[in-house]
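J.: Here you go, one structure.
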Amino acid sequence: MEHRKLRNLEEYFSEPESRRESGVYFYRIYGYNQEIHEFIRRYYHAARTSGAVIEGRIPNPEEKQLEYYGEIMGMDFQMNAGFFTASLKKWLPRMKDYQREQVSLAIYDTLDGMRRAGKNENMLKNAYIKFMCWLYYKFERVVNQLGERHIPKILYEGEISNYELKLMAVLSRAGCDIVLLQYRGDENYLKLDVTSEFSCAWNGQDMTAFPEGFSLKSLREEIRQEQNRERLYGPAPGLLNCTNAWISGKGLADVKTELRSRGNDLNLFYNCFIRINGTEDKLTYLNELYQFQLELKNSGRRLVITEQEIPKPAMEEIGGIARKNYTGQEQMLADLAANNLKYTANLELQKLMHKAFLDIMLEEAKQPGMNLNKLTNKAVYLLCWLKRYQPELFYQWKLPDIGCFIYLGGCRTENEELFLRVLARLPVDVLILTPDLNRSCCLNDPLLYEVNYGESLAVDHFPRDNSGIRMGTAAYHAERELDTVMYQDSGLYRNHQYDKANAVTLQTMYEEIELLWDQELKYRPNFSTVEGVVNLPVIYAKISGVKQEVSEYWSSIKKLVTGDTLISRKVPYISLTEPNPIKPYVTEFFKNGKLQRAKIKSHSAYSYGFLREEIQEHILDKLQLLIEQRIIKGTFENGMEYAIIAVILNLKKEVLRMIQKFDFTKKNPKFLYINTTEEMITLEDSILVSFLNLAGFDVLFLVPTGYQSIEKYLNRKLMEEHQIGEYMYDLQTPDFGRIPSNGRQSWRDKIFKRGS
């Protein structure tokens with residue numbers, strides 16, 4: 001058989017009668033690209049079906065095999081085609097006459113080439129016997145297919161040896177297609193076949209070296225995984241999504257595009273996946289949104305609008321997800337999808353949901369650090385949301401229906417991101433609006449199209465009706481822009497500009513307390529604002545002993561009493577006889593290490609509802625932190641966390657008023673705790689002052705006796721202690737309103753002055 005030249009690798013799979021010229025192909029592939037990857041996969045399948053796959057060298061005939069050959073065939077050898085034909089008839093009796101003739105001539109041509117190259121008869125005989133053994137033990141199935149409708153195919157992987165190459169030449173001349181995979185390049189092969197007499201090198205476009213670890217074994221694993229994936233997905237949907245390919249790039253106008261004018265391929269549904277950052281015109285933005293959603297509703301399209309967050313699944317929704325115990329990610333995803341993504345009204349939509357869910361979750365499964373439990377939780381969230389919004393988006397769905405899901409504010413969590421990515425692969429237009437350029441959306445997806453405008457506008461609610469629309473005048477927006485310029489990274493701050501803060505306790509020298517005490521927080525060291533959160537440098541210290549005369553001591557303490565100072569003149573500050581209406585319910589408010597905020601706020605015993613929302617959140621944030629950091633001894637032991645909750649959710653009105661008034665960039669509230677006796681501070685007071693420190697108060701313990709105060713109930717030392725003078729006992733704390741102010745003497749001159 002003649003060797004023929006390929007124009008493309010696809011010609012390997014053409015049948016004999018459809019080949020441009022009668023003949024076979026014998027090529028070696030020593031480089032890689034995606035086309036070659038796909039060709040090897042297909043050729044591997046063909047070789048397994050009607051040919052042979054060689055992975056590594058063909059073993060030399062064993063002693064027993066040679067003995068059997070000698071017993072059947074004898075050791076005669078004649079260098080002529082007739083001898084070879086007669087031998088093959090006896091050695092491989094199932095071969096047909098024309099097959100034996102082809103193989104005999106191929107053996108003769110190959111051995112004749114060796115003779116002309118100077119090989120003696122004994123060497124030719126050894127080669128012949130090796131060929132006969134290999135044909136019997138390795139290639140009998142191949143030679144029995146020669147000349148039939150399908151050309152036998154041989155795939156050889158590895159660095160081929162001299163005699164193996166000559167056997168391949170025999171099989172090629174007899175009528176086999178052959179491919180050699182040379183992962184280490186062509187250099188070693190050319191040492192055996194300098195002129196490429198036996199095979200041709202395939203030179204594809206943009207070939208590179210084979211990837212590390214590429215092999216037929218890895219290819220089989222790839223095929224196995226794909227087969228598993230096919231079993232996982234089940235029947236494929238007949239529809240495909242055409243996302244954004246048809247849009248003009250005008251954002252809202254694209255979403256409003258009439259559905260039938262988007263495209264006419266009945267095998268596609270035409271949706272869009274768009275994020276619009278900023279606003280084109282702040283004066284008309286809200287009215288534009290109002291008119292936009294009005295047009296969608298009037299067109300009869302199904303519409304869902306969410307604002308600032310996609311509400312988390314309720315316990316009832318999570319409990320409604322059918323699930324089992326799983327040992328693997330794919331098993332878990334397949335079971336969850338099969339048992340929860342059901343839409344019997346339209347099986348095509350069910351298949352689309354199934355595929356979109358699995359596509360995104362299998363991609364998520366590849367993320368670093370992803371484990372079965374974490375992936376299961378994400379999958380349950382997605383299924384809860386899909387089931388929640390399925391009636392609103394897909395009721396009586398049929399082509400070319402496309403629902404619309406609008407998210408104002410943008411994704412804040414990974415789960416929200418995954419959900420919108422799933423929706424974007426379904427018959428839904430997904431529109432993300434982030435008009436406030438100071439808030440970013442975490443979603444990334446190759447399908448996503450972005451529209452960017454330069455103007456920023458804070459919008460909390462989507463304008464669903466005229467009564468809810470608030471539109472600013474040009475002067476209003478100009479003031480907001482000036483506001484941004486003045487108060488963005490300038491050191492100037494609006495009143496109550498920030499609603500989140502973290503306290504940072506300062507380690508100070510004793511003398512510094514006077515200097516810092518009445519300063520605004522923004523002037524203190526280590527004050528900063530990072531991503532909308534204020535870092536509050538606060539004082540948390542204990543002053544033991546008395547430095548001067550007792551009257552001067554009390555006068556100097558009066559200097560500490562600013563307009564925002566609470567004073568505890570006796571122990572305890574929180575009386576044990578005071579009623580605590582929240583205490584019977586605290587076990588309902590804390591589960592799995594987290595405060596149940598919604599339950600707390602909706603409870604009848606909750607008394608902080610009159611506070612600004614951000615202040616309520618600030619209190620709950622610091623309560624959660626107080627528990628998480630295990631500041632109080634016994635936290636997470638014997639119910640101590642419930643005692644902490646009971647104290648902090650029953651603060652005195654004077655404390656709440658100070659927290660409500662607290663502006664995180666200005667002066668912070670103070671708490672002076674005076675203890676002149678042997679009375680130990682109570683657990684409740686320890687919880688309170690620890691909380692106030694986290695909430696941003698300056699807290700100062702004045703202990704003339706030097707006795708322990710808060711230390712008994714703390715897991716670790718948090719405050720600085722300064723020893724300033726002699727210990728004094730049985731002092732009576734005066735009424736500071738009766739102590740005359742002395743403007744000539746400073747706090748430093750009183751408590752902090754050095755002895756002469």
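Naming works like this for the structure tokens: A, B, ... for the chains as they're shown, residue 1 at the start of each chain, ligands 1 onward in shown order.
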Could you give me, as a PyMOL selection string, each residue of range 388-482 of chain A that DSSP assigns to strand (DSSP E) when run on this structure's backbone?
T.: chain A and resi 403-408+428-434+449-452
J.: Using only C-alpha atoms, can you tell me which of A:Leu611, A:Tyr673, A:Glu588, A:Tyr395 comes closest to Leu560 in chain A?
T.: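 Closest to Leu560 in chain A, using only C-alpha atoms: A:Tyr673.
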J.: Using only C-alpha atoms, find the one residue out of A:Asn325, A:Pro446, A:Glu330, A:Thr284 that sits nearest to Arg231 in chain A.
T.: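 Selected residue with least distance to Arg231 in chain A: A:Glu330.
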J.: Which residue gives the smallest distance to Tyr727 in chain A among A:Tyr540, A:Tyr707, A:Phe662, A:Tyr573, with only C-alpha atoms counted?
T.: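 Selected residue with least distance to Tyr727 in chain A: A:Tyr707.
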J.: For Glu416 in chain A, find every residue with an atom within 12 Å (counting only C-alpha atoms), except residues of its own chain fewer than 5 positions away, and show them as a list in words.
T.: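 So, after excluding close chain neighbours, the residues are Thr306, Gln308, Glu309, Ile310, Pro311, Lys312, Pro313, Lys378, Ala379, Tyr381, Leu382, Leu383, Cys384, Trp385, Leu386, Tyr407, Gly409, Gly410, Cys411, Arg421, Val422, Leu423, Ile432, Cys441, Cys442, Leu443 and Asn444 of chain A.
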J.: Restrict the selected residues to C-alpha atoms and save them as a PDB file, in the first residue's frame.
T.:
```
ATOM      1  CA  THR A 306     -34.632  43.001  44.617  1.00  0.00           C
ATOM      2  CA  GLN A 308     -29.539  45.845  48.249  1.00  0.00           C
ATOM      3  CA  GLU A 309     -29.645  42.095  48.977  1.00  0.00           C
ATOM      4  CA  ILE A 310     -31.344  38.903  47.914  1.00  0.00           C
ATOM      5  CA  PRO A 311     -33.115  37.884  51.140  1.00  0.00           C
ATOM      6  CA  LYS A 312     -31.426  34.844  52.629  1.00  0.00           C
ATOM      7  CA  PRO A 313     -33.390  31.587  52.592  1.00  0.00           C
ATOM      8  CA  LYS A 378     -23.960  26.840  48.493  1.00  0.00           C
ATOM      9  CA  ALA A 379     -26.045  24.424  46.441  1.00  0.00           C
ATOM     10  CA  TYR A 381     -28.892  28.331  48.918  1.00  0.00           C
ATOM     11  CA  LEU A 382     -29.167  28.336  45.129  1.00  0.00           C
ATOM     12  CA  LEU A 383     -31.947  25.769  45.126  1.00  0.00           C
ATOM     13  CA  CYS A 384     -33.897  27.747  47.740  1.00  0.00           C
ATOM     14  CA  TRP A 385     -33.688  30.890  45.611  1.00  0.00           C
ATOM     15  CA  LEU A 386     -34.545  29.037  42.386  1.00  0.00           C
ATOM     16  CA  TYR A 407     -30.967  43.600  41.356  1.00  0.00           C
ATOM     17  CA  GLY A 409     -27.191  47.522  44.556  1.00  0.00           C
ATOM     18  CA  GLY A 410     -25.158  44.599  43.204  1.00  0.00           C
ATOM     19  CA  CYS A 411     -23.944  41.322  44.679  1.00  0.00           C
ATOM     20  CA  ARG A 421     -24.890  33.485  37.148  1.00  0.00           C
ATOM     21  CA  VAL A 422     -27.330  30.548  37.148  1.00  0.00           C
ATOM     22  CA  LEU A 423     -30.265  32.840  36.275  1.00  0.00           C
ATOM     23  CA  ILE A 432     -27.690  44.570  37.868  1.00  0.00           C
ATOM     24  CA  CYS A 441     -20.579  44.438  42.959  1.00  0.00           C
ATOM     25  CA  CYS A 442     -18.520  41.249  43.439  1.00  0.00           C
ATOM     26  CA  LEU A 443     -19.957  39.386  40.429  1.00  0.00           C
ATOM     27  CA  ASN A 444     -17.642  38.285  37.624  1.00  0.00           C
TER      28      ASN A 444
END
```
J.: As an exercise, work out the distance from CA of Lys119 in chain A to CA of Met79 in chain A in Å and give it to one decimal place.
T.: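 CA of Lys119 in chain A sits 12.5 Å away from CA of Met79 in chain A.
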J.: Do a neighbour search on Leu426 in chain A at 9 Å with only C-alpha atoms, toss out local chain neighbours closer than 6 positions, and write the hits as a list of chain:residue names.
T.: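 Residues meeting the cut-off are A:Asn241, A:Phe269, A:Asn271, A:Leu349, A:Leu352, A:Met353, A:Ala356, A:Ile402.
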J.: Keeping C-alpha atoms for every residue in the selection just given, could you write it to a file as a CSV table (one decimal), in the first residue's frame?
T.:
```
chain,number,residue,atom,x,y,z
A,241,ASN,CA,-28.9,30.4,25.5
A,269,PHE,CA,-33.5,31.7,23.6
A,271,ASN,CA,-31.5,36.9,26.9
A,349,LEU,CA,-37.2,24.4,31.1
A,352,LEU,CA,-32.3,24.1,31.3
A,353,MET,CA,-32.4,24.7,35.1
A,356,ALA,CA,-27.4,25.8,34.5
A,402,ILE,CA,-38.0,35.9,28.8
```
